[in-house]
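Below is one structure, written out as structure tokens; comments come after it.
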Amino acid sequence: MRGRAFPATVEHMIDVHELTKRYGPVTAVSDLSFTIRGGAVTGFLGPNGAGKSTTMRMILGLDAPTSGSALVNGRPYRNTPRPLTEIGALLDASAVHGGYNAVTHLTALARSNRIGRRRVAEVLDTVGLTDVAHRRVKGYSLGMRQRLGVAAALLGDPGVLLFDEPVNGLDPEGIRWIRGLMRRLAAEGRTVLVSSHLMTEMALTADRILVLGRGRLLLESSIAEMTARHRTDVLVRTDDPTRATTVFADAGGQVTTEDDALIVVGLPHTELGRIAAGNGVVLTELTPRSASLEDAYLRLTADHTDYTEGNADVDSRR
Ligand SMILES: Nc1ncnc2c1ncn2[C@@H]1O[C@H](COP(=O)(O)OP(=O)(O)OP(=O)(O)O)[C@@H](O)[C@H]1O
């Protein structure tokens, strides 16, 4: 990475407009529209078969839309003269020919896009593969292959980057590395679109999310908005729930019960401790609970999942 900053203009933009893709009777993507600009990580979320990969493939010109358009910097990928300098992608990390080493693989890619050889050494350094750059790729671990895939995506120093399920199969160190990399790329003003089927992963990485279900856009939101909407509550246990309910309600909290505990929303847990102490109420537990975005996401996509537990065996892909 060269650390150059990109201005937030219509450049470095992905523009998907009324995009539809049918494979025979299967509608993989249905009338999908969204625009993504630079400076943020956008999470592309959806259950298996939601259409994330198909959309990414159409953005990358690997699949032709049945109707609608997918533009990168205002034009279809196939009309881009040196595509790697505009958009980089990590799709399937196992796609590299195993007989190559990292240098030969990246040098061939660089040459086809008129990118100087010096850049190969730079990206190898960025992804931490310099020491193994002359080893054959077939001896690489999955994590090393992912890093090589990222190196290829970064080769042309593009303003737009797509990552399809980049943390799949990575160890915790690899996951942390890829999260940090995506955050840095976005901080430089680049457009980063990353697909995942895990809300928890996106809550840690993305600024915005697009949620797909059966090829349709179900939700577009910032992570901050989602977190605020699914606000946190506080679980309280006390010897005197009746009195506690009264004093918390008087202070503006909304109190409900859950088994033998009180659940309070509308007041921070630190405040609850103070209110209880000030009113002589003894608390035996005071636990702030963060809202589960994963639950919200699962509720949202529940009706749009092709394969639920009961009929999972119907799907030969899994
Ligand atoms: N080449 C193809 N031929 C036929 N059907 C396809 C093809 N590619 C994708 N599909 C179908 O299109 C739908 C969307 O698939 P896609 O791979 O885009 O979903 P996804 O959200 O990326 O899911 P996953 O997380 O499982 O990769 C699925 O029903 C899939 O079976």
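A note on labels: chains of the structure tokens are A, B, ... as shown, every chain counts residues from 1, and ligands are counted from 1 in their shown order.
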### Task
Select from region 150-186 of chain A everything DSSP, run on the backbone, classes as strand (DSSP E), then give the selection as a list in words.
Val160, Leu161, Leu162, Phe163 and Asp164 of chain A
### Contacts of ligand 1, 10 Å or closer, only C-alpha atoms and all ligand atoms, given as a PyMOL selection string
chain A and resi 21-29+44-58+63+164-165+195-198+211-215+306-307+315-318
Based on the backbone DSSP call, show me all residues of region 48-163 of chain A assigned helix (DSSP H, G or I), as a tab-separated table (two decimals) with N, CA and C atoms, in the first residue's frame.
chain	number	residue	atom	x	y	z
A	52	LYS	N	-24.62	-12.80	-3.08
A	52	LYS	CA	-23.47	-11.91	-2.86
A	52	LYS	C	-22.38	-12.15	-3.91
A	53	SER	N	-21.98	-13.42	-4.05
A	53	SER	CA	-20.89	-13.73	-5.00
A	53	SER	C	-21.31	-13.40	-6.41
A	54	THR	N	-22.56	-13.70	-6.75
A	54	THR	CA	-23.03	-13.41	-8.11
A	54	THR	C	-22.96	-11.91	-8.38
A	55	THR	N	-23.34	-11.11	-7.40
A	55	THR	CA	-23.27	-9.65	-7.58
A	55	THR	C	-21.82	-9.22	-7.77
A	56	MET	N	-20.93	-9.76	-6.94
A	56	MET	CA	-19.52	-9.39	-7.06
A	56	MET	C	-18.97	-9.81	-8.42
A	57	ARG	N	-19.38	-10.97	-8.87
A	57	ARG	CA	-18.89	-11.44	-10.18
A	57	ARG	C	-19.38	-10.53	-11.30
A	58	MET	N	-20.59	-10.01	-11.15
A	58	MET	CA	-21.09	-9.09	-12.19
A	58	MET	C	-20.36	-7.75	-12.12
A	59	ILE	N	-20.04	-7.29	-10.91
A	59	ILE	CA	-19.27	-6.05	-10.79
A	59	ILE	C	-17.91	-6.22	-11.47
A	77	TYR	N	-16.89	-3.01	-16.00
A	77	TYR	CA	-15.51	-3.49	-15.82
A	77	TYR	C	-14.85	-3.81	-17.15
A	78	ARG	N	-15.63	-4.45	-18.05
A	78	ARG	CA	-15.00	-4.90	-19.31
A	78	ARG	C	-14.56	-3.72	-20.19
A	79	ASN	N	-15.07	-2.50	-19.93
A	79	ASN	CA	-14.63	-1.33	-20.69
A	79	ASN	C	-13.47	-0.61	-20.02
A	83	PRO	N	-7.81	-2.83	-15.78
A	83	PRO	CA	-8.74	-3.03	-14.67
A	83	PRO	C	-8.10	-3.08	-13.28
A	84	LEU	N	-6.91	-3.71	-13.19
A	84	LEU	CA	-6.31	-3.86	-11.84
A	84	LEU	C	-5.97	-2.51	-11.20
A	85	THR	N	-5.87	-1.46	-12.02
A	85	THR	CA	-5.57	-0.14	-11.45
A	85	THR	C	-6.84	0.56	-10.95
A	93	ALA	N	-9.27	-17.75	-3.23
A	93	ALA	CA	-7.82	-17.72	-3.03
A	93	ALA	C	-7.12	-18.97	-3.57
A	94	SER	N	-7.88	-20.03	-3.87
A	94	SER	CA	-7.23	-21.25	-4.35
A	94	SER	C	-7.02	-21.20	-5.87
A	95	ALA	N	-7.43	-20.06	-6.49
A	95	ALA	CA	-7.41	-20.00	-7.95
A	95	ALA	C	-6.01	-19.91	-8.56
A	102	ALA	N	5.02	-16.88	-5.80
A	102	ALA	CA	4.29	-15.61	-5.65
A	102	ALA	C	4.80	-14.55	-6.62
A	103	VAL	N	6.13	-14.54	-6.81
A	103	VAL	CA	6.72	-13.51	-7.68
A	103	VAL	C	6.29	-13.70	-9.14
A	104	THR	N	6.38	-14.96	-9.63
A	104	THR	CA	6.01	-15.17	-11.04
A	104	THR	C	4.52	-14.87	-11.25
A	105	HIS	N	3.70	-15.30	-10.30
A	105	HIS	CA	2.26	-15.05	-10.41
A	105	HIS	C	1.97	-13.55	-10.48
A	106	LEU	N	2.54	-12.81	-9.54
A	106	LEU	CA	2.24	-11.37	-9.48
A	106	LEU	C	2.88	-10.62	-10.65
A	107	THR	N	4.05	-11.08	-11.07
A	107	THR	CA	4.73	-10.39	-12.18
A	107	THR	C	3.92	-10.54	-13.47
A	108	ALA	N	3.36	-11.75	-13.68
A	108	ALA	CA	2.53	-11.96	-14.88
A	108	ALA	C	1.30	-11.05	-14.85
A	109	LEU	N	0.69	-10.98	-13.67
A	109	LEU	CA	-0.49	-10.11	-13.53
A	109	LEU	C	-0.13	-8.65	-13.78
A	110	ALA	N	1.00	-8.24	-13.21
A	110	ALA	CA	1.43	-6.84	-13.33
A	110	ALA	C	1.67	-6.50	-14.80
A	111	ARG	N	2.33	-7.42	-15.50
A	111	ARG	CA	2.66	-7.16	-16.89
A	111	ARG	C	1.39	-6.97	-17.73
A	112	SER	N	0.38	-7.82	-17.46
A	112	SER	CA	-0.85	-7.75	-18.27
A	112	SER	C	-1.61	-6.45	-18.02
A	118	ARG	N	8.40	-3.13	-9.83
A	118	ARG	CA	8.71	-2.67	-8.48
A	118	ARG	C	7.51	-2.84	-7.53
A	119	ARG	N	6.34	-2.72	-8.14
A	119	ARG	CA	5.11	-2.81	-7.36
A	119	ARG	C	4.92	-4.23	-6.79
A	120	VAL	N	5.46	-5.24	-7.50
A	120	VAL	CA	5.34	-6.62	-7.02
A	120	VAL	C	6.02	-6.75	-5.65
A	121	ALA	N	7.22	-6.22	-5.55
A	121	ALA	CA	7.93	-6.29	-4.27
A	121	ALA	C	7.18	-5.51	-3.18
A	122	GLU	N	6.60	-4.39	-3.57
A	122	GLU	CA	5.86	-3.58	-2.59
A	122	GLU	C	4.68	-4.34	-2.00
A	123	VAL	N	3.87	-4.96	-2.90
A	123	VAL	CA	2.67	-5.64	-2.37
A	123	VAL	C	3.05	-6.91	-1.59
A	124	LEU	N	4.12	-7.57	-2.00
A	124	LEU	CA	4.57	-8.74	-1.24
A	124	LEU	C	4.95	-8.33	0.18
A	125	ASP	N	5.57	-7.16	0.28
A	125	ASP	CA	5.94	-6.63	1.58
A	125	ASP	C	4.69	-6.28	2.39
A	126	THR	N	3.71	-5.64	1.73
A	126	THR	CA	2.47	-5.25	2.41
A	126	THR	C	1.77	-6.44	3.03
A	127	VAL	N	1.76	-7.57	2.30
A	127	VAL	CA	1.01	-8.73	2.82
A	127	VAL	C	1.90	-9.69	3.62
A	130	THR	N	7.18	-11.57	1.65
A	130	THR	CA	8.49	-11.38	1.02
A	130	THR	C	9.40	-12.59	1.23
A	131	ASP	N	9.41	-13.13	2.43
A	131	ASP	CA	10.34	-14.23	2.74
A	131	ASP	C	10.01	-15.52	2.00
A	132	VAL	N	8.76	-15.70	1.59
A	132	VAL	CA	8.38	-16.95	0.93
A	132	VAL	C	8.02	-16.71	-0.54
A	137	VAL	N	3.53	-21.94	-4.86
A	137	VAL	CA	2.26	-21.63	-4.19
A	137	VAL	C	1.59	-22.90	-3.66
A	138	LYS	N	1.86	-24.05	-4.30
A	138	LYS	CA	1.18	-25.27	-3.84
A	138	LYS	C	1.61	-25.66	-2.42
A	139	GLY	N	2.73	-25.14	-1.96
A	139	GLY	CA	3.15	-25.39	-0.58
A	139	GLY	C	2.62	-24.35	0.41
A	142	LEU	N	-3.46	-22.00	3.69
A	142	LEU	CA	-4.61	-21.22	3.24
A	142	LEU	C	-4.41	-19.73	3.55
A	143	GLY	N	-3.84	-19.47	4.73
A	143	GLY	CA	-3.60	-18.07	5.12
A	143	GLY	C	-2.63	-17.39	4.16
A	144	MET	N	-1.58	-18.12	3.73
A	144	MET	CA	-0.61	-17.54	2.79
A	144	MET	C	-1.26	-17.31	1.43
A	145	ARG	N	-2.13	-18.23	1.03
A	145	ARG	CA	-2.84	-18.05	-0.25
A	145	ARG	C	-3.75	-16.82	-0.19
A	146	GLN	N	-4.40	-16.66	0.97
A	146	GLN	CA	-5.25	-15.47	1.12
A	146	GLN	C	-4.40	-14.21	0.99
A	147	ARG	N	-3.23	-14.22	1.61
A	147	ARG	CA	-2.35	-13.04	1.54
A	147	ARG	C	-1.90	-12.79	0.10
A	148	LEU	N	-1.63	-13.88	-0.62
A	148	LEU	CA	-1.24	-13.72	-2.02
A	148	LEU	C	-2.39	-13.15	-2.84
A	149	GLY	N	-3.60	-13.61	-2.54
A	149	GLY	CA	-4.78	-13.07	-3.22
A	149	GLY	C	-4.94	-11.59	-2.94
A	150	VAL	N	-4.66	-11.20	-1.69
A	150	VAL	CA	-4.75	-9.77	-1.33
A	150	VAL	C	-3.66	-8.99	-2.07
A	151	ALA	N	-2.46	-9.57	-2.17
A	151	ALA	CA	-1.37	-8.90	-2.88
A	151	ALA	C	-1.78	-8.63	-4.33
A	152	ALA	N	-2.42	-9.62	-4.96
A	152	ALA	CA	-2.87	-9.45	-6.34
A	152	ALA	C	-3.92	-8.35	-6.43
A	153	ALA	N	-4.81	-8.31	-5.44
A	153	ALA	CA	-5.87	-7.29	-5.45
A	153	ALA	C	-5.28	-5.88	-5.31
A	154	LEU	N	-4.19	-5.78	-4.56
A	154	LEU	CA	-3.59	-4.47	-4.30
A	154	LEU	C	-2.60	-4.02	-5.39
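Note that CA of Val16 (chain A) and CA of Phe34 (chain A) are 5.2 Å apart.
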### Task
May I ask for the distance between CA of Gly159 (chain A) and CA of His12 (chain A), given in Å to one decimal place?
5.0 Å
### Message
Just checking: using only C-alpha atoms, which residue out of A:His97, A:Gly128, A:Gly39, A:Leu298 ends up closest to Trp177 (chain A)?
### Response
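Closest to Trp177 (chain A) of all the choices is A:Gly128.
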### Message
Residues within 10 Å of Ala296 (chain A), please, as a VMD selection string. Count only C-alpha atoms; anything in the same chain fewer than 4 positions from it doesn't count.
### Response
chain A and resid 199 226 to 227 229 to 230 291 to 292 300 to 302
## Note on the structure
Pairwise distance, CA of Gly174 (chain A) with CA of Ser222 (chain A), equals 25.3 Å
### Message
At a cut-off of 8 Å, using only C-alpha atoms, what residues contact region 262-265 of chain A? Leave out same-chain residues fewer than 4 positions from it and give the result as a PyMOL selection string.
### Response
chain A and resi 232-237+241+245+248+253-258
Next, the residues of the selection above should be written as a PDB file, in the first residue's frame with C-alpha atoms.
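That gives us result09.pdb:
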ATOM      1  CA  THR A 232     -28.568  -2.272  25.013  1.00  0.00           C
ATOM      2  CA  ASP A 233     -30.274  -3.150  28.271  1.00  0.00           C
ATOM      3  CA  VAL A 234     -29.149  -3.926  31.790  1.00  0.00           C
ATOM      4  CA  LEU A 235     -29.948  -7.059  33.753  1.00  0.00           C
ATOM      5  CA  VAL A 236     -30.433  -6.342  37.464  1.00  0.00           C
ATOM      6  CA  ARG A 237     -30.917  -8.737  40.358  1.00  0.00           C
ATOM      7  CA  PRO A 241     -37.450  -5.999  42.940  1.00  0.00           C
ATOM      8  CA  THR A 245     -38.650  -1.161  39.829  1.00  0.00           C
ATOM      9  CA  PHE A 248     -35.616   2.977  38.317  1.00  0.00           C
ATOM     10  CA  GLY A 253     -35.978   3.792  33.041  1.00  0.00           C
ATOM     11  CA  GLN A 254     -38.325   1.217  31.526  1.00  0.00           C
ATOM     12  CA  VAL A 255     -38.361  -1.913  33.627  1.00  0.00           C
ATOM     13  CA  THR A 256     -39.532  -5.384  32.654  1.00  0.00           C
ATOM     14  CA  THR A 257     -38.854  -8.783  34.164  1.00  0.00           C
ATOM     15  CA  GLU A 258     -37.047 -11.813  32.804  1.00  0.00           C
TER      16      GLU A 258
END
### Task
Please provide as a list in words all residues within 6 Å of Leu71 (chain A), with the sequence filter that same-chain residues fewer than 5 positions apart are discarded (counting only C-alpha atoms).
Ile14, Asp15 and Pro76 of chain A
